[in-house]
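See structure below.
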Amino acid sequence: MTLENFWFVLIAFMFVMYFVLEGFDFGVGMLMPILGRHTDPDGDKRRRVLLNTIGPVWDGNEVWLITGGALLFAAFGGWYATMFSAFYLALFLILIGLIVRVVAIEWRGKINDVRWRRWCDVGIGLGSWLPAILWGVAFANVVRGLPIDADHQYTGGFFNLLNPYALLGGATTLLAFLTHGAVFVALKTSGEMREAAQDFAARSAIPTAVVAAAFLIWTQLAYGDTWTWAIVVVAAVAAVGMVLGAVTRREGWAFAATCVAIAGTVAMLFASLFPDVMPSATDPAFSLTIANTSSSHYTLVIMTWAIAIAAPVVIGYQAYSYWVFRKRLSIDHIPPSIGLPLQRADK
């Protein structure tokens with residue numbers, strides 16, 4: 001394996017980890033208005049339980065995106081430049097969603113006011129639904145190919161990205177993250193919250209598996225190779241395991257299955273690209289490849305040594321944080337809301 005191929009695989013691994021770990025964060029955010037209804041007397045406690053399931057880990061999960069983006073910039077500058085130009089609006093919307101979500105999570109408990117918390121809940125939902133859809137749309141378009149000219153410049157517009165295959169990709173990531181989040185909540189909670197999450201996962205697992213299967217088969221038939229059928233089979237078996245685990249209320253097995261299914265789907269997208277990184281729909285000769293977008297050999301050597309030292313530390317620390325916060329939560333663990341009261345205009 002050449003260093004260029006190694007770094008392509010490593011970047012794929014970064015995005016696999018991001019989608020698996022941040023996927024259930026998005027799912028929990030999308031479930032806020034479903035499992036934590038505002039009309040319920042204990043609705044606020046339900047929503048706080050949901051946030052506390054991801055509270056110790058959600059910002060650490062985002063590190064995989066930051067690291068993956070930085071490594072993409074350093075290892076494949078041409079890929080980074082063209083992709084960010086092509087997906088400028090989509091990535092801008094994702095960034096806005098992520099920023100709004102961060103602010104809403106961090107500031108939700110700062111003011112003890114129902115209206116304030118509701119607006120924060122809106123921000124958490126917006127920052128979860130938007131990326132969940134747009135990531136799938138973006139990655140599906142990369143595999144499908146974009147109008148790229150001889151100078152590696154994107155020549156299309158935003159609406160070129162809204163094609164049937166890409167929209168199916170967006171639906172796949174949306175449903176996968178939603179089910180992934182429900183199973184994670186069931187795994188991390190007890191009592192009525194666990195039962196509610198199990199019920200939702202049991203209902204969403206089958207449509208998730210159907211949509212994901214359609215997307216994977218389309219990807220394989222249109223863009224895959226003979227050997228990538230192995231990835232499709234692994235992801236399909238995992239999807240079946242997800243359905244069986246969710247229906248039988250075995251959230252541990254269901255969560256493991258959703259992790260494998262999401263990882264398999266992302267791996268399938270990168271495998272379908274190789275050795276291209278951004279195929280050109282204008283002319284295959286204009287496609288961006290690993291060879292014509294990679295940094296120099298010396299740069300990749302330095303980066304390899306750096307990642308060999310840093311990666312075990314990051315992975316070890318994150319694994320330790322999951323171990324420390326492994327216990328289940330329930331509504332009984334949530335104390336009354338406290339914070340600075342919001343001054344009303346009529347007082």
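Residues in the structure tokens are named by chain (A, B, ... in the order shown) and by number from 1 within that chain; ligands are numbered from 1 in the order shown.
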Using only C-alpha atoms, which residues sit within 10 Å of A:Gln153 once same-chain residues fewer than 4 positions away are excluded, as a ChimeraX atom specification?
/A:81-83,85-86,146-149,280,286
Please write the residues from the selection above to a file, keeping C-alpha atoms, as a compact mmCIF listing (two decimals), in the first residue's frame.
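Listed below is the output, again_32.txt:
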```txt
# COMPACT_ATOMS: atom_id res chain seq x y z
CA ALA A 81 -10.54 22.66 -2.39
CA THR A 82 -12.88 21.29 -5.06
CA MET A 83 -15.21 19.58 -2.59
CA SER A 85 -16.25 24.79 -3.52
CA ALA A 86 -18.86 22.36 -4.86
CA LEU A 146 -20.10 16.27 -10.28
CA PRO A 147 -19.67 18.63 -13.23
CA ILE A 148 -15.94 19.35 -12.88
CA ASP A 149 -13.88 20.94 -15.64
CA SER A 280 -16.14 14.27 -13.02
CA PHE A 286 -11.15 15.63 -15.47
```
Where does DSSP see helix (DSSP H, G or I) in stretch 73-322 of chain A, if you list the residues as an MDAnalysis selection string?
chainID A and resid 73:75 77:86 88:107 114:144 158:161 164:188 192:223 229:247 251:273 284:286 290:293 297:322
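Atom pair atom CA of A:Ala239 / atom CA of A:Asp199: separated by 17.5 Å.
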Determine, counting only C-alpha atoms, which protein, DNA and RNA residues have an atom within 10 Å of an atom of A:Ala75; residues of the same chain fewer than 6 positions away are not included. Present the result as a PyMOL selection string.
chain A and resi 3-4+7-8+11+69+290+293-297+299-300+303
Tell me which of A:Thr173, A:Asn141, A:Gln220, A:Thr53 sits closest to A:Phe159, counting only C-alpha atoms.
A:Asn141
When DSSP works through the backbone of this structure, what residues of stretch 95-321 of chain A end up as strand (DSSP E), shown as a PyMOL selection string?
chain A and resi 276-278+288-289
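Interatomic distance, atom CA of A:Val232 to atom CA of A:Ile262: 11.3 Å.
Atom pair atom CA of A:Gly123 / atom CA of A:Gly23: separated by 17.2 Å.
For the set A:Leu161, A:Val243, A:Ile309, A:Leu167, the residue with the smallest atom-to-atom gap to A:Thr179 is A:Val243, counting only C-alpha atoms.
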